[in-house]
>>> print(open('start-v6.cif').read())   # mmCIF, C-alpha atoms
data_my_file
loop_
_atom_site.group_PDB
_atom_site.id
_atom_site.type_symbol
_atom_site.label_atom_id
_atom_site.label_comp_id
_atom_site.auth_asym_id
_atom_site.auth_seq_id
_atom_site.Cartn_x
_atom_site.Cartn_y
_atom_site.Cartn_z
ATOM 1 C CA MET P 1 111.170 214.311 128.457
ATOM 2 C CA ALA P 2 107.368 213.993 128.391
ATOM 3 C CA THR P 3 105.238 211.886 130.721
ATOM 4 C CA THR P 4 106.129 208.207 130.696
ATOM 5 C CA ARG P 5 103.672 206.273 128.531
ATOM 6 C CA LYS P 6 102.308 202.874 129.443
ATOM 7 C CA VAL P 7 103.069 201.495 125.996
ATOM 8 C CA ILE P 8 104.776 202.675 122.826
ATOM 9 C CA ILE P 9 104.266 200.850 119.529
ATOM 10 C CA ILE P 10 107.013 201.075 116.921
ATOM 11 C CA GLY P 11 105.846 200.465 113.372
ATOM 12 C CA SER P 12 102.512 200.130 111.637
ATOM 13 C CA GLY P 13 101.011 197.570 109.289
ATOM 14 C CA PRO P 14 98.589 194.834 110.388
ATOM 15 C CA ALA P 15 100.626 193.912 113.493
ATOM 16 C CA GLY P 16 101.159 197.469 114.710
ATOM 17 C CA TYR P 17 97.638 198.681 114.067
ATOM 18 C CA THR P 18 96.074 195.598 115.670
ATOM 19 C CA ALA P 19 98.304 196.016 118.725
ATOM 20 C CA ALA P 20 97.231 199.656 118.885
ATOM 21 C CA ILE P 21 93.526 198.749 118.707
ATOM 22 C CA TYR P 22 93.836 196.258 121.564
ATOM 23 C CA ALA P 23 96.090 198.453 123.675
ATOM 24 C CA ALA P 24 93.851 201.489 123.232
ATOM 25 C CA ARG P 25 90.708 199.534 124.126
ATOM 26 C CA ALA P 26 92.513 198.390 127.289
ATOM 27 C CA ASN P 27 92.935 202.064 128.270
ATOM 28 C CA LEU P 28 96.711 201.927 127.828
ATOM 29 C CA ALA P 29 96.683 205.141 125.745
ATOM 30 C CA PRO P 30 99.351 203.879 123.323
ATOM 31 C CA LEU P 31 101.740 206.169 121.501
ATOM 32 C CA MET P 32 102.412 204.771 118.042
ATOM 33 C CA PHE P 33 105.265 205.677 115.724
ATOM 34 C CA THR P 34 103.898 204.693 112.326
ATOM 35 C CA GLY P 35 107.034 205.645 110.440
ATOM 36 C CA ILE P 36 107.093 208.130 107.586
ATOM 37 C CA GLN P 37 105.953 205.361 105.231
ATOM 38 C CA ALA P 38 103.099 203.965 107.300
ATOM 39 C CA GLY P 39 101.152 200.809 106.611
ATOM 40 C CA GLY P 40 103.837 198.239 105.904
ATOM 41 C CA GLN P 41 104.032 195.972 102.852
ATOM 42 C CA LEU P 42 100.281 196.111 102.187
ATOM 43 C CA MET P 43 100.742 199.688 101.012
ATOM 44 C CA LEU P 44 102.491 198.174 97.968
ATOM 45 C CA THR P 45 99.676 195.764 97.115
ATOM 46 C CA THR P 46 96.454 196.218 95.215
ATOM 47 C CA LEU P 47 93.529 193.874 95.860
ATOM 48 C CA VAL P 48 93.710 191.749 99.037
ATOM 49 C CA GLU P 49 91.237 188.873 98.880
ATOM 50 C CA ASN P 50 92.427 186.653 101.743
ATOM 51 C CA PHE P 51 91.910 188.978 104.713
ATOM 52 C CA PRO P 52 88.778 187.819 106.589
ATOM 53 C CA GLY P 53 85.718 190.046 106.544
ATOM 54 C CA PHE P 54 85.992 191.443 103.011
ATOM 55 C CA VAL P 55 83.820 189.312 100.725
ATOM 56 C CA ASP P 56 84.865 191.133 97.558
ATOM 57 C CA GLY P 57 88.403 191.867 98.711
ATOM 58 C CA VAL P 58 89.908 195.185 99.725
ATOM 59 C CA MET P 59 92.731 197.310 98.403
ATOM 60 C CA GLY P 60 95.852 197.046 100.557
ATOM 61 C CA PRO P 61 96.147 200.794 101.296
ATOM 62 C CA GLU P 62 92.419 200.952 102.065
ATOM 63 C CA LEU P 63 92.724 198.090 104.556
ATOM 64 C CA MET P 64 95.600 199.837 106.304
ATOM 65 C CA GLU P 65 93.729 203.142 106.433
ATOM 66 C CA THR P 66 90.700 201.377 107.938
ATOM 67 C CA MET P 67 92.896 199.775 110.618
ATOM 68 C CA ARG P 68 94.532 203.122 111.317
ATOM 69 C CA LYS P 69 91.183 204.874 111.813
ATOM 70 C CA GLN P 70 89.997 202.099 114.089
ATOM 71 C CA ALA P 71 93.103 202.447 116.265
ATOM 72 C CA GLU P 72 92.684 206.229 116.373
ATOM 73 C CA ARG P 73 89.018 205.890 117.275
ATOM 74 C CA PHE P 74 89.946 204.192 120.542
ATOM 75 C CA GLY P 75 92.544 206.803 121.440
ATOM 76 C CA THR P 76 95.848 205.751 119.894
ATOM 77 C CA GLU P 77 98.138 208.732 119.402
ATOM 78 C CA MET P 78 99.838 208.478 116.009
ATOM 79 C CA VAL P 79 103.183 210.066 115.155
ATOM 80 C CA ALA P 80 104.331 209.884 111.521
ATOM 81 C CA GLU P 81 108.043 209.710 112.317
ATOM 82 C CA ASP P 82 110.694 207.036 112.075
ATOM 83 C CA VAL P 83 112.194 205.887 115.366
ATOM 84 C CA THR P 84 115.918 206.607 115.247
ATOM 85 C CA ALA P 85 117.149 204.970 118.461
ATOM 86 C CA VAL P 86 116.004 202.910 121.452
ATOM 87 C CA ASP P 87 117.487 202.278 124.872
ATOM 88 C CA PHE P 88 116.123 199.114 126.408
ATOM 89 C CA SER P 89 118.912 198.881 128.991
ATOM 90 C CA ARG P 90 117.219 201.275 131.411
ATOM 91 C CA ARG P 91 113.837 201.835 133.028
ATOM 92 C CA PRO P 92 111.633 203.324 131.828
ATOM 93 C CA LEU P 93 112.419 202.195 128.294
ATOM 94 C CA VAL P 94 113.429 204.972 125.909
ATOM 95 C CA VAL P 95 112.330 205.442 122.296
ATOM 96 C CA SER P 96 113.762 208.352 120.319
ATOM 97 C CA ALA P 97 112.306 209.905 117.176
ATOM 98 C CA GLY P 98 113.271 213.207 115.635
ATOM 99 C CA ASP P 99 114.613 215.494 118.342
ATOM 100 C CA ALA P 100 112.525 213.951 121.118
ATOM 101 C CA ALA P 101 113.045 211.005 123.469
ATOM 102 C CA HIS P 102 109.978 209.240 124.851
ATOM 103 C CA GLU P 103 109.736 206.964 127.880
ATOM 104 C CA ALA P 104 107.497 203.922 128.189
ATOM 105 C CA HIS P 105 106.980 201.090 130.624
ATOM 106 C CA ALA P 106 106.344 198.673 127.726
ATOM 107 C CA VAL P 107 107.220 198.688 124.026
ATOM 108 C CA ILE P 108 105.748 196.684 121.150
ATOM 109 C CA VAL P 109 108.047 196.263 118.153
ATOM 110 C CA ALA P 110 106.143 195.894 114.867
ATOM 111 C CA THR P 111 108.617 197.199 112.303
ATOM 112 C CA GLY P 112 108.016 194.360 109.849
ATOM 113 C CA ALA P 113 110.268 193.138 107.082
ATOM 114 C CA SER P 114 111.034 194.329 103.589
ATOM 115 C CA ALA P 115 111.023 192.050 100.580
ATOM 116 C CA ARG P 116 114.327 192.081 98.750
ATOM 117 C CA LEU P 117 113.825 193.333 95.228
ATOM 118 C CA LEU P 118 115.951 193.136 92.104
ATOM 119 C CA GLY P 119 116.690 196.857 92.069
ATOM 120 C CA LEU P 120 115.183 197.467 88.641
ATOM 121 C CA PRO P 121 113.476 200.814 87.978
ATOM 122 C CA GLU P 122 110.360 199.080 86.654
ATOM 123 C CA GLU P 123 109.759 197.097 89.850
ATOM 124 C CA ARG P 124 108.240 199.861 91.938
ATOM 125 C CA ALA P 125 106.012 200.995 89.077
ATOM 126 C CA LEU P 126 104.685 197.465 88.552
ATOM 127 C CA ILE P 127 104.371 196.247 92.153
ATOM 128 C CA GLY P 128 100.778 195.056 92.460
ATOM 129 C CA ARG P 129 100.439 195.240 88.688
ATOM 130 C CA GLY P 130 102.125 192.004 87.770
ATOM 131 C CA VAL P 131 105.199 192.179 89.996
ATOM 132 C CA SER P 132 104.731 190.460 93.343
ATOM 133 C CA THR P 133 106.737 189.175 96.285
ATOM 134 C CA CYS P 134 104.022 186.861 97.629
ATOM 135 C CA ALA P 135 102.489 183.970 95.692
ATOM 136 C CA THR P 136 99.902 183.129 98.350
ATOM 137 C CA CYS P 137 98.793 186.767 98.336
ATOM 138 C CA ASP P 138 98.607 187.321 94.584
ATOM 139 C CA GLY P 139 98.732 183.952 92.838
ATOM 140 C CA PHE P 140 94.940 183.766 92.534
ATOM 141 C CA PHE P 141 95.009 186.661 90.056
ATOM 142 C CA PHE P 142 97.213 184.704 87.636
ATOM 143 C CA LYS P 143 95.138 181.623 86.908
ATOM 144 C CA ASP P 144 96.082 179.959 83.614
ATOM 145 C CA GLN P 145 98.788 182.523 82.882
ATOM 146 C CA ASP P 146 102.531 182.334 82.200
ATOM 147 C CA LEU P 147 104.648 183.322 85.189
ATOM 148 C CA LEU P 148 108.291 183.868 86.065
ATOM 149 C CA VAL P 149 109.801 183.300 89.528
ATOM 150 C CA VAL P 150 113.209 184.760 90.376
ATOM 151 C CA GLY P 151 115.309 182.973 92.993
ATOM 152 C CA GLY P 152 117.003 179.712 93.867
ATOM 153 C CA GLY P 153 116.245 179.059 97.528
ATOM 154 C CA ASP P 154 113.440 177.337 99.398
ATOM 155 C CA SER P 155 111.263 180.449 99.189
ATOM 156 C CA ALA P 156 111.532 180.491 95.398
ATOM 157 C CA MET P 157 110.650 176.796 95.157
ATOM 158 C CA GLU P 158 107.682 177.284 97.495
ATOM 159 C CA GLU P 159 106.467 180.165 95.344
ATOM 160 C CA ALA P 160 106.911 178.192 92.131
ATOM 161 C CA LEU P 161 105.134 175.114 93.490
ATOM 162 C CA TYR P 162 102.225 177.193 94.776
ATOM 163 C CA LEU P 163 101.911 179.080 91.491
ATOM 164 C CA ALA P 164 102.067 175.847 89.500
ATOM 165 C CA ARG P 165 98.683 174.914 90.973
ATOM 166 C CA LEU P 166 97.164 177.978 89.335
ATOM 167 C CA ALA P 167 99.272 179.034 86.365
ATOM 168 C CA ARG P 168 99.608 177.580 82.890
ATOM 169 C CA LYS P 169 103.402 177.637 83.099
ATOM 170 C CA VAL P 170 106.020 178.688 85.662
ATOM 171 C CA GLU P 171 109.633 179.410 84.775
ATOM 172 C CA VAL P 172 112.225 179.813 87.511
ATOM 173 C CA VAL P 173 115.134 182.139 86.709
ATOM 174 C CA HIS P 174 118.290 181.641 88.759
ATOM 175 C CA ARG P 175 121.640 183.362 88.426
ATOM 176 C CA ARG P 176 123.570 180.131 89.051
ATOM 177 C CA ASP P 177 123.537 176.683 87.453
ATOM 178 C CA SER P 178 122.264 174.956 90.604
ATOM 179 C CA LEU P 179 119.732 175.754 93.304
ATOM 180 C CA ARG P 180 120.375 176.708 96.912
ATOM 181 C CA ALA P 181 117.075 175.179 97.992
ATOM 182 C CA SER P 182 116.898 172.069 100.162
ATOM 183 C CA LYS P 183 117.023 168.745 98.313
ATOM 184 C CA ILE P 184 113.403 167.916 99.011
ATOM 185 C CA MET P 185 112.209 171.265 97.651
ATOM 186 C CA GLN P 186 114.398 170.869 94.575
ATOM 187 C CA GLU P 187 113.000 167.405 93.908
ATOM 188 C CA ARG P 188 109.423 168.618 94.173
ATOM 189 C CA ALA P 189 110.064 171.475 91.775
ATOM 190 C CA PHE P 190 111.974 169.332 89.252
ATOM 191 C CA LYS P 191 109.168 166.747 89.228
ATOM 192 C CA ASN P 192 106.423 169.292 88.584
ATOM 193 C CA PRO P 193 105.590 169.275 84.865
ATOM 194 C CA LYS P 194 104.522 172.922 84.905
ATOM 195 C CA ILE P 195 107.861 174.192 86.250
ATOM 196 C CA SER P 196 110.954 174.749 84.108
ATOM 197 C CA PHE P 197 114.272 176.462 84.824
ATOM 198 C CA VAL P 198 116.355 179.177 83.195
ATOM 199 C CA TRP P 199 119.887 178.843 84.565
ATOM 200 C CA ASP P 200 122.757 181.335 84.860
ATOM 201 C CA SER P 201 120.450 184.240 84.123
ATOM 202 C CA LEU P 202 119.392 187.595 85.530
ATOM 203 C CA VAL P 203 116.350 189.748 84.838
ATOM 204 C CA GLU P 204 117.647 192.876 83.080
ATOM 205 C CA SER P 205 114.344 194.730 82.650
ATOM 206 C CA ILE P 206 110.589 194.313 82.963
ATOM 207 C CA ALA P 207 107.981 195.371 80.411
ATOM 208 C CA ASP P 208 105.771 197.335 80.428
ATOM 209 C CA PRO P 209 105.272 200.241 82.871
ATOM 210 C CA ALA P 210 103.642 202.272 80.086
ATOM 211 C CA GLN P 211 100.823 199.727 79.918
ATOM 212 C CA GLY P 212 100.611 199.478 83.685
ATOM 213 C CA LYS P 213 101.127 195.725 83.701
ATOM 214 C CA VAL P 214 103.792 193.060 83.198
ATOM 215 C CA THR P 215 103.978 191.849 79.618
ATOM 216 C CA GLY P 216 107.465 190.355 79.501
ATOM 217 C CA VAL P 217 111.043 190.373 80.734
ATOM 218 C CA ARG P 218 114.500 190.705 79.267
ATOM 219 C CA LEU P 219 117.025 188.161 80.564
ATOM 220 C CA ARG P 220 120.812 188.141 80.413
ATOM 221 C CA ASN P 221 122.905 184.993 80.628
ATOM 222 C CA VAL P 222 125.699 185.768 83.108
ATOM 223 C CA LYS P 223 128.116 183.349 81.422
ATOM 224 C CA THR P 224 127.588 184.134 77.749
ATOM 225 C CA GLY P 225 126.099 187.610 77.931
ATOM 226 C CA GLU P 226 123.306 186.491 75.631
ATOM 227 C CA ILE P 227 120.114 188.569 75.869
ATOM 228 C CA SER P 228 116.711 186.943 75.512
ATOM 229 C CA GLU P 229 113.154 188.167 75.889
ATOM 230 C CA ARG P 230 110.225 186.245 77.311
ATOM 231 C CA PRO P 231 106.551 187.189 77.287
ATOM 232 C CA VAL P 232 105.124 186.647 80.781
ATOM 233 C CA ASP P 233 102.021 187.779 82.616
ATOM 234 C CA GLY P 234 103.543 188.021 86.074
ATOM 235 C CA LEU P 235 106.907 188.211 87.828
ATOM 236 C CA PHE P 236 107.357 186.873 91.356
ATOM 237 C CA VAL P 237 110.534 187.976 93.121
ATOM 238 C CA ALA P 238 111.555 185.386 95.717
ATOM 239 C CA ILE P 239 115.047 186.350 96.798
ATOM 240 C CA GLY P 240 114.239 186.702 100.478
ATOM 241 C CA HIS P 241 113.085 189.258 103.013
ATOM 242 C CA GLN P 242 115.092 191.595 105.211
ATOM 243 C CA PRO P 243 113.704 192.125 108.732
ATOM 244 C CA ASN P 244 113.666 195.764 109.785
ATOM 245 C CA THR P 245 115.715 195.163 112.918
ATOM 246 C CA ALA P 246 118.836 197.316 112.475
ATOM 247 C CA LEU P 247 117.415 199.635 115.125
ATOM 248 C CA PHE P 248 117.414 196.853 117.715
ATOM 249 C CA ARG P 249 120.876 195.359 117.274
ATOM 250 C CA GLY P 250 122.554 195.338 120.668
ATOM 251 C CA GLN P 251 119.197 196.040 122.327
ATOM 252 C CA LEU P 252 117.273 192.810 121.682
ATOM 253 C CA ALA P 253 118.353 189.237 121.033
ATOM 254 C CA LEU P 254 118.084 188.493 117.325
ATOM 255 C CA LEU P 255 118.137 185.197 115.473
ATOM 256 C CA ASP P 256 120.946 184.382 113.066
ATOM 257 C CA ASN P 257 118.717 185.517 110.189
ATOM 258 C CA GLY P 258 118.203 188.922 111.814
ATOM 259 C CA TYR P 259 114.626 188.456 112.996
ATOM 260 C CA VAL P 260 113.695 189.317 116.587
ATOM 261 C CA LYS P 261 113.913 186.322 118.892
ATOM 262 C CA VAL P 262 110.790 185.717 120.972
ATOM 263 C CA GLU P 263 109.890 183.080 123.528
ATOM 264 C CA PRO P 264 107.964 180.050 122.204
ATOM 265 C CA ASP P 265 104.217 180.678 121.815
ATOM 266 C CA SER P 266 104.718 184.259 122.919
ATOM 267 C CA THR P 267 105.660 187.738 121.748
ATOM 268 C CA ARG P 268 108.050 188.283 124.678
ATOM 269 C CA THR P 269 111.551 189.300 123.641
ATOM 270 C CA SER P 270 114.824 189.061 125.567
ATOM 271 C CA VAL P 271 114.000 192.306 127.406
ATOM 272 C CA PRO P 272 111.143 192.225 129.944
ATOM 273 C CA GLY P 273 108.427 194.632 128.870
ATOM 274 C CA VAL P 274 109.415 194.571 125.201
ATOM 275 C CA PHE P 275 107.243 192.545 122.846
ATOM 276 C CA ALA P 276 107.526 191.892 119.114
ATOM 277 C CA ALA P 277 104.847 191.047 116.553
ATOM 278 C CA GLY P 278 104.317 190.586 112.846
ATOM 279 C CA ASP P 279 106.898 190.116 110.126
ATOM 280 C CA VAL P 280 109.747 191.385 112.287
ATOM 281 C CA VAL P 281 109.388 188.003 114.017
ATOM 282 C CA ASP P 282 107.693 185.798 111.425
ATOM 283 C CA PHE P 283 109.827 184.492 108.579
ATOM 284 C CA THR P 284 107.583 181.494 107.891
ATOM 285 C CA TRP P 285 104.003 182.616 107.201
ATOM 286 C CA ARG P 286 104.326 186.335 106.425
ATOM 287 C CA GLN P 287 100.595 186.955 106.001
ATOM 288 C CA ALA P 288 98.575 190.012 106.984
ATOM 289 C CA VAL P 289 96.187 187.934 109.073
ATOM 290 C CA THR P 290 98.974 186.193 111.009
ATOM 291 C CA ALA P 291 100.669 189.542 111.607
ATOM 292 C CA ALA P 292 97.403 190.935 112.960
ATOM 293 C CA GLY P 293 97.066 187.904 115.221
ATOM 294 C CA THR P 294 100.478 188.407 116.793
ATOM 295 C CA GLY P 295 99.734 192.121 117.143
ATOM 296 C CA CYS P 296 96.761 191.137 119.278
ATOM 297 C CA MET P 297 98.964 188.774 121.289
ATOM 298 C CA ALA P 298 101.585 191.466 121.886
ATOM 299 C CA ALA P 299 99.028 193.970 123.183
ATOM 300 C CA LEU P 300 97.454 191.414 125.518
ATOM 301 C CA GLU P 301 100.848 190.300 126.813
ATOM 302 C CA ALA P 302 101.905 193.911 127.319
ATOM 303 C CA GLU P 303 98.699 194.616 129.231
ATOM 304 C CA ARG P 304 99.232 191.622 131.517
ATOM 305 C CA TRP P 305 102.898 192.460 132.033
ATOM 306 C CA LEU P 306 102.031 196.038 133.017
ATOM 307 C CA GLU P 307 99.515 194.696 135.535
ATOM 308 C CA THR P 308 102.242 192.577 137.176
ATOM 309 C CA GLN P 309 104.378 195.706 137.429
ATOM 310 C CA GLY P 310 101.551 197.694 139.027
ATOM 311 C CA ARG P 311 101.371 200.091 136.058
#
>>> encode(input="start-v6.cif", output="structure tokens")
Amino acid sequence: MATTRKVIIIGSGPAGYTAAIYAARANLAPLMFTGIQAGGQLMLTTLVENFPGFVDGVMGPELMETMRKQAERFGTEMVAEDVTAVDFSRRPLVVSAGDAAHEAHAVIVATGASARLLGLPEERALIGRGVSTCATCDGFFFKDQDLLVVGGGDSAMEEALYLARLARKVEVVHRRDSLRASKIMQERAFKNPKISFVWDSLVESIADPAQGKVTGVRLRNVKTGEISERPVDGLFVAIGHQPNTALFRGQLALLDNGYVKVEPDSTRTSVPGVFAAGDVVDFTWRQAVTAAGTGCMAALEAERWLETQGR
């Protein structure tokens, strides 16, 4: 086993890269496992207009590459491997990737969350080109257009209500004949004149990857089997997110929804010396800028914790 590191960062994206920048500038010489698919959810987006500092916006992959280079500039060592196991029950902490096990006095978990998708072949081709999982990120691009939201929970109602401020029309497609959302969210959506509902229906396919944009959807009624087609300019999938925490089950305390549990107003987890930041913790805001903010917090807390340990 190699020399014990002061801090290891697991995961990339805005939280991981920001933690790496702060940790590296604090002379902690962080080792960062970016994962084979580095950069997080922003790698699946196109133009990002709500990240501070970019007047004309910035492409998601470009923003992540800029953050990566900044972290490397200050001395972060990057490893493009997925972490396969951790052992937080011993000291030093152990992080395993590939055939190697690495020790660290502190670990920052920034593995993020993955948006649940419908599983249609067209989704990946049209992500960032009319298919989205974030209304606050992408809604601006759909002013005065016809949109479809898939889902029946609070997240779907929040997306629909946000989009209704911008779009010409918003239809909500739900596979049941009633919503799972809280009563207050249902009432708000039902009262909005721009929002209508398509019940007992699933999205069967999305047009049109050949044009490189969303032009419509095919729906199937689950009760009658009837097929219908609707022209739409954008499709927002709001069926929830899955935190990337399988690796930490039995190692860290998790909330009932699977997200890492941290102390209030902190990034401290249930294990001293282990900190968590970004969408692996945050199931409320889920924005790049808030993820970056908690990445900063995690690095500063790790630095202070290491000082108390004489590291």
>>> residues_near_point(input="start-v6.cif", point="(109.4, 182.6, 89.3)", cutoff="9 Å", atoms="only C-alpha atoms", output="PyMOL selection string")
chain P and resi 147-151+156-157+159-160+163+170-174+234-238
>>> residues_around(input="start-v6.cif", residues="Asp233 of chain P", least_positions_apart="2", cutoff="8 Å", atoms="only C-alpha atoms", output="ChimeraX atom specification")
/P:130,142,145-147,214-216,231,235
>>> resolve_selection(input="start-v6.cif", expression="the PyMOL selection byres ((chain P and resi 188) around 12)", output="short mmCIF file (atom, residue, chain, number, x, y, z; two decimals) with C-alpha atoms, in the coordinates of the input")
data_model
loop_
_atom_site.label_atom_id
_atom_site.label_comp_id
_atom_site.auth_asym_id
_atom_site.auth_seq_id
_atom_site.Cartn_x
_atom_site.Cartn_y
_atom_site.Cartn_z
CA ASP P 154 113.44 177.34 99.40
CA MET P 157 110.65 176.80 95.16
CA GLU P 158 107.68 177.28 97.50
CA GLU P 159 106.47 180.16 95.34
CA ALA P 160 106.91 178.19 92.13
CA LEU P 161 105.13 175.11 93.49
CA TYR P 162 102.22 177.19 94.78
CA ALA P 164 102.07 175.85 89.50
CA ALA P 181 117.08 175.18 97.99
CA SER P 182 116.90 172.07 100.16
CA LYS P 183 117.02 168.74 98.31
CA ILE P 184 113.40 167.92 99.01
CA MET P 185 112.21 171.26 97.65
CA GLN P 186 114.40 170.87 94.58
CA GLU P 187 113.00 167.40 93.91
CA ALA P 189 110.06 171.48 91.78
CA PHE P 190 111.97 169.33 89.25
CA LYS P 191 109.17 166.75 89.23
CA ASN P 192 106.42 169.29 88.58
CA PRO P 193 105.59 169.28 84.86
CA LYS P 194 104.52 172.92 84.90
CA ILE P 195 107.86 174.19 86.25
CA SER P 196 110.95 174.75 84.11
#
>>> closest_residue(input="start-v6.cif", among="P:Thr267, P:Leu247, P:Gly39, P:Val79", to="Leu300 of chain P", atoms="all atoms listed in the file")
P:Thr267
>>> residues_around(input="start-v6.cif", residues="Leu31 of chain P", least_positions_apart="3", cutoff="8 Å", atoms="all atoms listed in the file", output="PyMOL selection string")
chain P and resi 5+7-9+76-79
>>> closest_residue(input="start-v6.cif", among="P:Leu179, P:Met67, P:Ile227, P:Val274", to="Ile21 of chain P", atoms="only C-alpha atoms")
P:Met67
>>> axis_aligned_box(input="start-v6.cif", around="segment 268-280 of chain P", padding_each_side="5 Å", output="AutoDock Vina command-line options")
--center_x 109.6 --center_y 191.5 --center_z 120.0 --size_x 20.5 --size_y 16.3 --size_z 29.8
>>> closest_residue(input="start-v6.cif", among="P:Val55, P:Ala288, P:Leu120, P:Val271", to="Val217 of chain P", atoms="all atoms listed in the file")
P:Leu120
>>> residues_around(input="start-v6.cif", residues="Ser89 of chain P", least_positions_apart="3", cutoff="10 Å", atoms="all atoms listed in the file", output="ChimeraX atom specification")
/P:86,92-94,250-252,271
>>> closest_residue(input="start-v6.cif", among="P:Thr66, P:Thr308, P:Thr224, P:Thr245", to="Val109 of chain P", atoms="only C-alpha atoms")
P:Thr245
>>> closest_residue(input="start-v6.cif", among="P:Ala246, P:Pro14, P:Lys213, P:Leu255", to="Thr84 of chain P", atoms="all atoms listed in the file")
P:Ala246
